[in-house]
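Have a look at input-v4.pdb; it's PDB, C-alpha atoms:
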ATOM      1  CA  MET M   1      77.881 124.781  90.422
ATOM      2  CA  GLU M   2      77.786 128.119  88.590
ATOM      3  CA  ARG M   3      80.702 130.421  87.852
ATOM      4  CA  ASN M   4      79.546 132.740  90.642
ATOM      5  CA  ASP M   5      79.634 129.866  93.130
ATOM      6  CA  CYS M   6      83.245 129.251  92.119
ATOM      7  CA  LEU M   7      84.053 132.879  92.800
ATOM      8  CA  LEU M   8      82.430 132.561  96.227
ATOM      9  CA  LEU M   9      84.503 129.456  96.940
ATOM     10  CA  PHE M  10      87.581 131.374  95.929
ATOM     11  CA  ASP M  11      86.541 134.258  98.209
ATOM     12  CA  GLU M  12      86.348 131.768 101.048
ATOM     13  CA  LEU M  13      89.694 130.231 100.175
ATOM     14  CA  LEU M  14      91.362 133.644 100.358
ATOM     15  CA  GLU M  15      89.358 134.560 103.451
ATOM     16  CA  LEU M  16      87.662 137.488 101.687
ATOM     17  CA  ASP M  17      84.104 138.720 102.188
ATOM     18  CA  PRO M  18      81.637 136.870  99.924
ATOM     19  CA  GLY M  19      81.237 138.675  96.596
ATOM     20  CA  THR M  20      84.628 140.392  96.750
ATOM     21  CA  LEU M  21      86.149 138.731  93.713
ATOM     22  CA  LYS M  22      84.742 139.529  90.255
ATOM     23  CA  GLY M  23      87.173 137.585  88.096
ATOM     24  CA  SER M  24      89.373 140.298  86.643
ATOM     25  CA  GLU M  25      91.733 140.400  89.630
ATOM     26  CA  VAL M  26      95.373 139.533  89.011
ATOM     27  CA  LEU M  27      96.242 136.509  91.156
ATOM     28  CA  ASP M  28      99.654 137.765  92.232
ATOM     29  CA  SER M  29      98.036 140.911  93.618
ATOM     30  CA  LEU M  30      95.847 138.956  96.040
ATOM     31  CA  ASP M  31      96.846 138.474  99.663
ATOM     32  CA  GLY M  32      96.800 134.780 100.468
ATOM     33  CA  TRP M  33      97.564 133.652  96.908
ATOM     34  CA  ASP M  34     100.738 131.810  97.850
ATOM     35  CA  SER M  35     101.962 128.232  97.648
ATOM     36  CA  LEU M  36      99.391 127.091 100.231
ATOM     37  CA  GLY M  37      96.725 129.002  98.316
ATOM     38  CA  VAL M  38      97.624 127.042  95.193
ATOM     39  CA  ILE M  39      97.437 123.740  97.064
ATOM     40  CA  SER M  40      94.123 124.803  98.622
ATOM     41  CA  PHE M  41      92.688 125.600  95.191
ATOM     42  CA  MET M  42      93.793 122.190  93.901
ATOM     43  CA  ALA M  43      92.094 120.584  96.902
ATOM     44  CA  LEU M  44      88.866 122.496  96.245
ATOM     45  CA  ALA M  45      88.922 121.553  92.556
ATOM     46  CA  ASP M  46      89.323 117.898  93.513
ATOM     47  CA  GLU M  47      86.628 117.881  96.183
ATOM     48  CA  ASN M  48      84.007 119.991  94.458
ATOM     49  CA  PHE M  49      84.560 119.067  90.820
ATOM     50  CA  GLY M  50      86.601 115.857  90.810
ATOM     51  CA  ILE M  51      89.275 117.634  88.785
ATOM     52  CA  ASN M  52      92.932 116.867  89.424
ATOM     53  CA  LEU M  53      94.748 120.035  88.495
ATOM     54  CA  GLN M  54      98.496 120.174  88.014
ATOM     55  CA  PRO M  55     100.578 122.996  89.518
ATOM     56  CA  ARG M  56     101.761 123.991  86.036
ATOM     57  CA  GLN M  57      98.154 124.564  84.903
ATOM     58  CA  ILE M  58      97.648 126.969  87.785
ATOM     59  CA  ALA M  59     100.997 128.632  87.168
ATOM     60  CA  GLY M  60      99.750 129.423  83.654
ATOM     61  CA  CYS M  61      96.877 131.545  84.986
ATOM     62  CA  THR M  62      97.216 135.284  85.524
ATOM     63  CA  THR M  63      93.730 136.268  86.667
ATOM     64  CA  VAL M  64      91.017 134.792  88.856
ATOM     65  CA  ALA M  65      88.842 134.318  85.757
ATOM     66  CA  GLU M  66      91.530 132.229  84.073
ATOM     67  CA  LEU M  67      91.827 130.113  87.195
ATOM     68  CA  ILE M  68      88.070 129.559  87.388
ATOM     69  CA  GLY M  69      88.275 128.775  83.667
ATOM     70  CA  LEU M  70      90.227 125.622  84.536
ATOM     71  CA  LEU M  71      86.988 124.337  86.047
ATOM     72  CA  ASP M  72      84.810 125.510  83.164
ATOM     73  CA  GLY M  73      84.172 122.167  81.522
ATOM     74  CA  ARG M  74      82.987 120.690  84.781
ATOM     75  CA  ILE M  75      80.871 123.761  85.633
ATOM     76  CA  ARG M  76      79.026 123.392  82.307
ATOM     77  CA  GLN M  77      78.551 119.651  82.789
ATOM     78  CA  GLN M  78      77.056 120.211  86.221
ATOM     79  CA  ALA M  79      74.846 123.025  84.928
ATOM     80  CA  HIS M  80      73.343 120.677  82.306
ATOM     81  CA  ALA M  81      73.112 117.642  84.563
TER      82      ALA M  81
ATOM     83  CA  MET W   1     122.156  79.316 108.646
ATOM     84  CA  THR W   2     119.337  80.808 110.730
ATOM     85  CA  ASN W   3     117.497  83.810 109.328
ATOM     86  CA  PRO W   4     116.694  86.141 112.260
ATOM     87  CA  LEU W   5     113.826  87.634 110.242
ATOM     88  CA  ASP W   6     112.253  84.222 109.670
ATOM     89  CA  LEU W   7     108.453  84.345 109.941
ATOM     90  CA  ALA W   8     107.747  80.734 108.978
ATOM     91  CA  GLY W   9     104.545  79.448 110.514
ATOM     92  CA  ARG W  10     103.418  82.905 111.658
ATOM     93  CA  THR W  11     100.077  84.329 110.603
ATOM     94  CA  VAL W  12     100.054  88.073 110.050
ATOM     95  CA  LEU W  13      97.160  90.352 109.147
ATOM     96  CA  VAL W  14      98.001  93.354 106.965
ATOM     97  CA  THR W  15      95.510  96.179 106.422
ATOM     98  CA  GLY W  16      95.803  98.497 103.440
ATOM     99  CA  ALA W  17      97.143  95.505 101.529
ATOM    100  CA  SER W  18      95.713  96.662  98.191
ATOM    101  CA  SER W  19      98.593  99.004  97.442
ATOM    102  CA  GLY W  20     101.688 100.820  98.584
ATOM    103  CA  ILE W  21     103.389  99.950 101.854
ATOM    104  CA  GLY W  22     100.676  97.439 102.790
ATOM    105  CA  ARG W  23     101.079  95.487  99.561
ATOM    106  CA  GLU W  24     104.876  95.556  99.745
ATOM    107  CA  THR W  25     104.820  94.439 103.380
ATOM    108  CA  ALA W  26     102.554  91.541 102.499
ATOM    109  CA  CYS W  27     104.930  90.486  99.710
ATOM    110  CA  LEU W  28     108.037  90.725 101.875
ATOM    111  CA  ILE W  29     106.673  88.843 104.864
ATOM    112  CA  SER W  30     105.329  86.111 102.586
ATOM    113  CA  GLN W  31     108.904  85.724 101.307
ATOM    114  CA  LEU W  32     109.963  85.390 104.951
ATOM    115  CA  GLY W  33     107.513  82.529 105.405
ATOM    116  CA  ALA W  34     104.466  84.190 106.951
ATOM    117  CA  HIS W  35     100.898  83.301 106.124
ATOM    118  CA  VAL W  36      99.386  86.646 105.233
ATOM    119  CA  ILE W  37      95.768  87.741 105.646
ATOM    120  CA  LEU W  38      95.206  90.692 103.339
ATOM    121  CA  VAL W  39      92.665  93.333 104.326
ATOM    122  CA  GLY W  40      91.305  96.130 102.161
ATOM    123  CA  ARG W  41      88.014  97.374 100.763
ATOM    124  CA  ASN W  42      88.475  96.193  97.201
ATOM    125  CA  LEU W  43      88.532  92.434  96.632
ATOM    126  CA  GLU W  44      89.932  92.754  93.106
ATOM    127  CA  ARG W  45      92.914  94.759  94.271
ATOM    128  CA  LEU W  46      93.478  92.376  97.168
ATOM    129  CA  ALA W  47      93.423  89.515  94.663
ATOM    130  CA  GLU W  48      96.192  91.290  92.738
ATOM    131  CA  THR W  49      98.288  91.405  95.916
ATOM    132  CA  LEU W  50      97.453  87.778  96.626
ATOM    133  CA  ARG W  51      98.936  86.769  93.264
ATOM    134  CA  LEU W  52     102.214  88.491  94.205
ATOM    135  CA  LEU W  53     102.717  86.527  97.421
ATOM    136  CA  GLU W  54     105.099  83.632  97.834
ATOM    137  CA  GLY W  55     104.192  80.400  99.608
ATOM    138  CA  ASP W  56     100.746  79.341 100.686
ATOM    139  CA  GLY W  57      98.180  79.852 103.413
ATOM    140  CA  HIS W  58      97.396  83.424 102.347
ATOM    141  CA  ARG W  59      93.899  84.895 102.131
ATOM    142  CA  ALA W  60      92.120  88.069 101.120
ATOM    143  CA  GLU W  61      89.534  89.359 103.579
ATOM    144  CA  PRO W  62      87.733  92.426 102.228
ATOM    145  CA  PHE W  63      86.556  94.714 105.010
ATOM    146  CA  ASP W  64      85.841  98.409 105.426
ATOM    147  CA  LEU W  65      87.809  99.524 108.471
ATOM    148  CA  SER W  66      85.718 102.678 108.787
ATOM    149  CA  SER W  67      83.162 100.426 110.524
ATOM    150  CA  THR W  68      85.357 100.602 113.592
ATOM    151  CA  ASP W  69      82.872  99.129 116.063
ATOM    152  CA  GLU W  70      82.545  96.034 113.890
ATOM    153  CA  ILE W  71      86.281  95.284 113.854
ATOM    154  CA  PRO W  72      86.493  93.000 116.948
ATOM    155  CA  ARG W  73      83.602  90.790 115.861
ATOM    156  CA  TRP W  74      84.848  90.656 112.275
ATOM    157  CA  LEU W  75      88.427  89.773 113.287
ATOM    158  CA  LYS W  76      87.203  87.059 115.638
ATOM    159  CA  SER W  77      85.320  85.440 112.766
ATOM    160  CA  VAL W  78      88.398  85.692 110.522
ATOM    161  CA  SER W  79      90.619  84.066 113.140
ATOM    162  CA  ALA W  80      88.044  81.317 113.663
ATOM    163  CA  SER W  81      88.680  80.190 110.103
ATOM    164  CA  CYS W  82      92.353  81.013 109.568
ATOM    165  CA  GLY W  83      93.825  80.564 113.042
ATOM    166  CA  ILE W  84      95.392  82.716 115.702
ATOM    167  CA  PHE W  85      97.358  85.791 114.613
ATOM    168  CA  ASN W  86     100.997  86.316 115.507
ATOM    169  CA  GLY W  87     101.114  89.810 114.088
ATOM    170  CA  LEU W  88      99.010  92.651 112.793
ATOM    171  CA  VAL W  89     100.200  95.527 110.614
ATOM    172  CA  HIS W  90      97.849  98.474 110.153
ATOM    173  CA  CYS W  91      98.923 100.158 106.919
ATOM    174  CA  ALA W  92      95.524 101.447 105.811
ATOM    175  CA  GLY W  93      95.324 105.195 106.019
ATOM    176  CA  LEU W  94      94.458 108.412 104.271
ATOM    177  CA  HIS W  95      96.723 111.258 103.295
ATOM    178  CA  LYS W  96      95.711 114.460 101.561
ATOM    179  CA  LEU W  97      97.383 117.817 101.480
ATOM    180  CA  ARG W  98      94.829 120.129 103.061
ATOM    181  CA  PRO W  99      95.912 123.566 104.233
ATOM    182  CA  LEU W 100      93.990 124.847 107.242
ATOM    183  CA  ARG W 101      91.834 127.184 105.152
ATOM    184  CA  VAL W 102      90.242 124.264 103.291
ATOM    185  CA  LEU W 103      90.245 121.763 106.127
ATOM    186  CA  ASN W 104      86.806 120.716 107.320
ATOM    187  CA  SER W 105      85.509 118.492 110.080
ATOM    188  CA  GLN W 106      84.473 115.696 107.698
ATOM    189  CA  MET W 107      88.032 115.336 106.411
ATOM    190  CA  ILE W 108      89.382 115.284 109.941
ATOM    191  CA  GLU W 109      86.842 112.650 110.968
ATOM    192  CA  ASP W 110      87.626 110.462 107.935
ATOM    193  CA  LEU W 111      91.321 110.645 108.667
ATOM    194  CA  MET W 112      90.998 109.948 112.367
ATOM    195  CA  ARG W 113      88.575 107.097 111.777
ATOM    196  CA  ILE W 114      90.852 105.118 109.458
ATOM    197  CA  ASP W 115      94.219 106.029 110.952
ATOM    198  CA  VAL W 116      93.486 106.137 114.663
ATOM    199  CA  GLN W 117      90.077 104.671 115.540
ATOM    200  CA  ALA W 118      90.670 101.662 113.309
ATOM    201  CA  ALA W 119      94.068 101.157 114.970
ATOM    202  CA  ILE W 120      92.378 101.088 118.362
ATOM    203  CA  GLY W 121      89.682  98.727 117.057
ATOM    204  CA  LEU W 122      92.317  96.405 115.625
ATOM    205  CA  ALA W 123      94.303  96.385 118.879
ATOM    206  CA  LYS W 124      91.144  95.620 120.818
ATOM    207  CA  ALA W 125      90.274  92.872 118.354
ATOM    208  CA  PHE W 126      93.770  91.365 118.500
ATOM    209  CA  CYS W 127      93.565  91.068 122.294
ATOM    210  CA  GLN W 128      90.459  88.910 122.204
ATOM    211  CA  LYS W 129      90.802  85.317 123.280
ATOM    212  CA  SER W 130      91.846  83.054 120.394
ATOM    213  CA  VAL W 131      92.567  85.999 118.079
ATOM    214  CA  GLY W 132      96.060  87.293 118.903
ATOM    215  CA  ALA W 133      98.837  85.000 120.138
ATOM    216  CA  PRO W 134     100.894  85.787 123.266
ATOM    217  CA  GLY W 135     104.189  87.177 122.005
ATOM    218  CA  GLY W 136     102.292  88.811 119.148
ATOM    219  CA  SER W 137     103.331  92.032 117.506
ATOM    220  CA  LEU W 138     101.147  95.008 116.622
ATOM    221  CA  ILE W 139     102.567  97.541 114.192
ATOM    222  CA  PHE W 140     100.989 100.851 113.256
ATOM    223  CA  LEU W 141     101.970 103.328 110.562
ATOM    224  CA  SER W 142     102.867 106.765 111.790
ATOM    225  CA  SER W 143     104.810 109.276 109.705
ATOM    226  CA  VAL W 144     107.530 111.879 109.977
ATOM    227  CA  ALA W 145     104.564 114.267 109.881
ATOM    228  CA  GLY W 146     103.761 112.990 113.373
ATOM    229  CA  LEU W 147     107.220 114.024 114.558
ATOM    230  CA  THR W 148     107.915 117.281 112.726
ATOM    231  CA  GLY W 149     105.849 120.229 111.558
ATOM    232  CA  GLN W 150     104.871 120.565 107.903
ATOM    233  CA  ALA W 151     102.587 123.103 106.249
ATOM    234  CA  GLY W 152      99.351 121.829 104.747
ATOM    235  CA  VAL W 153      99.122 118.579 106.690
ATOM    236  CA  ALA W 154      97.852 119.639 110.125
ATOM    237  CA  ALA W 155      95.106 117.007 110.348
ATOM    238  CA  TYR W 156      97.353 114.267 108.981
ATOM    239  CA  SER W 157     100.090 115.254 111.450
ATOM    240  CA  ALA W 158      97.586 115.143 114.291
ATOM    241  CA  SER W 159      96.512 111.626 113.335
ATOM    242  CA  LYS W 160     100.089 110.382 112.958
ATOM    243  CA  GLY W 161     101.109 111.996 116.242
ATOM    244  CA  ALA W 162      98.142 110.252 117.827
ATOM    245  CA  ILE W 163      99.430 106.942 116.483
ATOM    246  CA  ILE W 164     102.736 107.497 118.302
ATOM    247  CA  ALA W 165     100.975 108.298 121.576
ATOM    248  CA  LEU W 166      98.639 105.341 121.097
ATOM    249  CA  THR W 167     101.588 103.029 120.445
ATOM    250  CA  ARG W 168     103.298 103.972 123.705
ATOM    251  CA  SER W 169     100.210 103.613 125.885
ATOM    252  CA  LEU W 170      99.144 100.333 124.297
ATOM    253  CA  ALA W 171     102.675  98.974 124.708
ATOM    254  CA  VAL W 172     102.377  99.573 128.434
ATOM    255  CA  GLU W 173      98.824  98.244 128.645
ATOM    256  CA  LEU W 174      99.466  95.100 126.634
ATOM    257  CA  ALA W 175     102.932  94.155 127.911
ATOM    258  CA  GLY W 176     101.295  91.943 130.541
ATOM    259  CA  GLU W 177      99.739  89.931 127.735
ATOM    260  CA  ARG W 178     103.166  89.742 126.056
ATOM    261  CA  ILE W 179     101.930  91.700 123.078
ATOM    262  CA  ARG W 180     104.455  94.141 121.649
ATOM    263  CA  VAL W 181     103.222  97.403 120.117
ATOM    264  CA  ASN W 182     105.397  99.555 117.871
ATOM    265  CA  CYS W 183     105.023 101.979 115.002
ATOM    266  CA  VAL W 184     106.993 102.965 111.956
ATOM    267  CA  ALA W 185     107.372 106.596 110.874
ATOM    268  CA  PRO W 186     108.241 106.776 107.196
ATOM    269  CA  GLY W 187     109.280 109.810 105.223
ATOM    270  CA  VAL W 188     107.914 110.285 101.716
ATOM    271  CA  VAL W 189     107.971 107.068  99.720
ATOM    272  CA  THR W 190     107.128 106.681  96.059
ATOM    273  CA  THR W 191     103.879 104.794  96.441
ATOM    274  CA  GLU W 192     100.678 105.762  94.636
ATOM    275  CA  MET W 193      99.815 107.927  97.662
ATOM    276  CA  GLY W 194     103.271 109.498  97.733
ATOM    277  CA  ARG W 195     103.170 110.276  94.026
ATOM    278  CA  GLY W 196      99.754 111.909  94.509
ATOM    279  CA  LEU W 197     101.256 114.130  97.173
ATOM    280  CA  ILE W 198     104.228 115.078  95.026
ATOM    281  CA  GLY W 199     101.873 115.746  92.099
ATOM    282  CA  MET W 200     100.379 118.657  94.023
ATOM    283  CA  LEU W 201     103.756 120.361  94.265
ATOM    284  CA  THR W 202     105.594 122.520  91.771
ATOM    285  CA  PRO W 203     108.817 121.005  90.392
ATOM    286  CA  GLU W 204     110.763 123.330  92.715
ATOM    287  CA  GLN W 205     108.761 122.258  95.766
ATOM    288  CA  ALA W 206     109.100 118.588  94.831
ATOM    289  CA  ALA W 207     112.866 118.988  94.425
ATOM    290  CA  ALA W 208     113.104 120.691  97.823
ATOM    291  CA  LEU W 209     111.088 117.870  99.418
ATOM    292  CA  GLU W 210     113.356 115.272  97.883
ATOM    293  CA  ALA W 211     116.471 117.163  98.970
ATOM    294  CA  THR W 212     115.241 117.162 102.588
ATOM    295  CA  HIS W 213     115.370 113.372 102.438
ATOM    296  CA  LEU W 214     119.147 113.104 102.663
ATOM    297  CA  LEU W 215     119.156 109.688 100.996
ATOM    298  CA  GLY W 216     116.477 110.643  98.455
ATOM    299  CA  LEU W 217     112.857 109.527  98.534
ATOM    300  CA  GLY W 218     112.236 106.012  99.765
ATOM    301  CA  CYS W 219     110.307 103.129  98.299
ATOM    302  CA  ALA W 220     107.679 100.923  99.902
ATOM    303  CA  ARG W 221     110.211  98.111 100.365
ATOM    304  CA  ASP W 222     112.347 100.334 102.622
ATOM    305  CA  VAL W 223     109.421 100.620 105.032
ATOM    306  CA  ALA W 224     108.447  96.970 104.658
ATOM    307  CA  TYR W 225     111.923  95.918 105.856
ATOM    308  CA  ALA W 226     111.401  97.921 109.060
ATOM    309  CA  ILE W 227     107.978  96.355 109.573
ATOM    310  CA  ALA W 228     109.375  92.848 109.059
ATOM    311  CA  PHE W 229     112.075  93.611 111.641
ATOM    312  CA  LEU W 230     109.430  94.642 114.182
ATOM    313  CA  LEU W 231     107.316  91.565 113.438
ATOM    314  CA  ALA W 232     110.125  89.064 113.751
ATOM    315  CA  ASP W 233     112.053  87.876 116.802
ATOM    316  CA  THR W 234     114.664  90.510 115.941
ATOM    317  CA  ALA W 235     112.400  92.919 117.851
ATOM    318  CA  ARG W 236     111.475  90.570 120.705
ATOM    319  CA  TRP W 237     112.799  93.120 123.251
ATOM    320  CA  ILE W 238     111.321  96.179 121.546
ATOM    321  CA  THR W 239     107.952  97.657 122.418
ATOM    322  CA  GLY W 240     106.447 101.137 122.573
ATOM    323  CA  THR W 241     108.909 102.560 120.099
ATOM    324  CA  VAL W 242     108.814 104.615 116.908
ATOM    325  CA  LEU W 243     111.090 103.313 114.190
ATOM    326  CA  VAL W 244     111.872 106.242 111.897
ATOM    327  CA  VAL W 245     112.494 105.228 108.283
ATOM    328  CA  ASP W 246     112.927 108.493 106.458
ATOM    329  CA  GLY W 247     116.181 108.683 104.505
ATOM    330  CA  GLY W 248     117.423 111.272 106.989
ATOM    331  CA  TYR W 249     114.428 113.624 106.766
ATOM    332  CA  THR W 250     114.260 114.190 110.536
ATOM    333  CA  ALA W 251     118.044 114.466 110.931
ATOM    334  CA  HIS W 252     117.893 118.213 110.241
TER     335      HIS W 252
END
If you took the structure in this file and wrote it as C-alpha cells, what would it be?
Amino acid sequence: MERNDCLLLFDELLELDPGTLKGSEVLDSLDGWDSLGVISFMALADENFGINLQPRQIAGCTTVAELIGLLDGRIRQQAHA
Amino acid sequence: MTNPLDLAGRTVLVTGASSGIGRETACLISQLGAHVILVGRNLERLAETLRLLEGDGHRAEPFDLSSTDEIPRWLKSVSASCGIFNGLVHCAGLHKLRPLRVLNSQMIEDLMRIDVQAAIGLAKAFCQKSVGAPGGSLIFLSSVAGLTGQAGVAAYSASKGAIIALTRSLAVELAGERIRVNCVAPGVVTTEMGRGLIGMLTPEQAAALEATHLLGLGCARDVAYAIAFLLADTARWITGTVLVVDGGYTAH
C-alpha cells in the first residue's frame, strides 16, 4: 500500500471525499478526529498493516502526515515485497 | 462435609480453553472433580491448559468452531470416545473494538459465526442422543456489552445480546429434555483479550473504564466461579437466566 492509499483510507475513516486529505492537515482541526477516530485508526493499522499502535504514539502526532508516518516502515516493506 | 459445587464424575466440554476465561474455567472445574474436554484451534495451547488441570480423564480436542455445520457430527464422535457430556461451556469468542465507521460485514460475520452460530451448533450437538446427558447444563458467554450500550462495540454488543436471547429461547425449548441453558455476562476481566482491549485506550480512558467497575476490573477466576455454579447442582433450579459478573459495572 502506498502513502496515497493511506491518505484515502484516512479520508474514508473521517468520512471525507476521496482525495481530500493531503497530509499537512492538523489532526485536531479535523471533524471526526475524536476518541473513536483514534480507535478506528488503530483498527485500520492493525487490519491493513498488522501494526499494533499504542494510543500514546497517536497522541504524539500533530498532522495527518505524522500519523501516516507511523505506518511508514510497513508501507515501504509492502512496496518492496 | 458435602461440597455443593462438586463436579466429580461429570464430563464437561469447554470451548476457548486455550486462554482466558475458558482456560481458567477448565482449571477450576477440574479442581472440582470434573473430567474436562478442552476445545480450541491450537493443540499446543490446549496442551498447555491440559498440564494445568488437576485429576485425570481430561483431553484436548482441537477443532475450529467456525465450521459450524460440522459441530454436531464432530461432537458425536468426541462423545463416542470420551462418554456422555454433563455440561458444555462455550467460552470461545472474538472481541475487537471497532467503531461503526470501520466496521465491515466480514468482521460482523466472523463475530456472529464464533459467538452465536457456534453456540447454536453446540446446543444442537449436545442434544443428540448419547452426547448430552439429561440434567445437563449448557453455558454461554455473553457480556455486559449485551446488556448496556458502549461506543465502538456495536457488532460485539449485537452478538452478546443475541446470546442472551438465544439462552432464553433454548432454555424453554430444552427444558423438556431436562437440559438447563444459562449464560454469564462478565464485565472487563484482565485476560489476554481484556488487556488487548484496554491497550487501545488512553490512560485516562482506561482509568474511567476501571472506575465504572465499582469493584475494579475482574479476573478470569471471578467468571469461572460463576460458570462452576451454573454447572453444578447449585443451579439445578436455574435455567434461562443471565448471571451478571461485572464488579458492579451495570449497577449504574
Target residues per the PyMOL selection byres ((chain W) within 10 of (chain M)), formatted as a PyMOL selection string: chain W and resi 96-103+151-152+196+199-203+205
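From atom CA of W:Leu94 back to atom CA of M:Ile51, the distance works out to 18.8 Å.
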Let me know the residues the PyMOL selection byres ((chain W and resi 185) around 9) catches in the file above, as a PyMOL selection string. chain W and resi 140-147+160+164+183-184+186-187+223+242-246
Stretch 51-67 of chain W: which residues within 10 Å, counting only C-alpha atoms, same-chain residues fewer than 6 positions away excluded, as a ChimeraX atom specification? /W:9,11-18,23-24,26-45,74-75,78,82,92-93,110-115,117-119,121-122
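Taking atom CA of W:Ser137 and atom CA of W:Val89 as endpoints, the distance between them is 8.3 Å.
For the choices W:Cys91, W:Arg236, W:Lys124, W:Asn104, the atom-to-atom distance to W:Pro72 is smallest for W:Lys124 when using all atoms listed in the file.
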Determine the residue membership of the PyMOL selection byres ((chain W and resi 77) around 12) for the file above and supply it as a count of residues only. 21
What does the distance between atom CA of W:Asn86 and atom CA of W:Glu177 come to in Å, to one decimal place? 12.8 Å
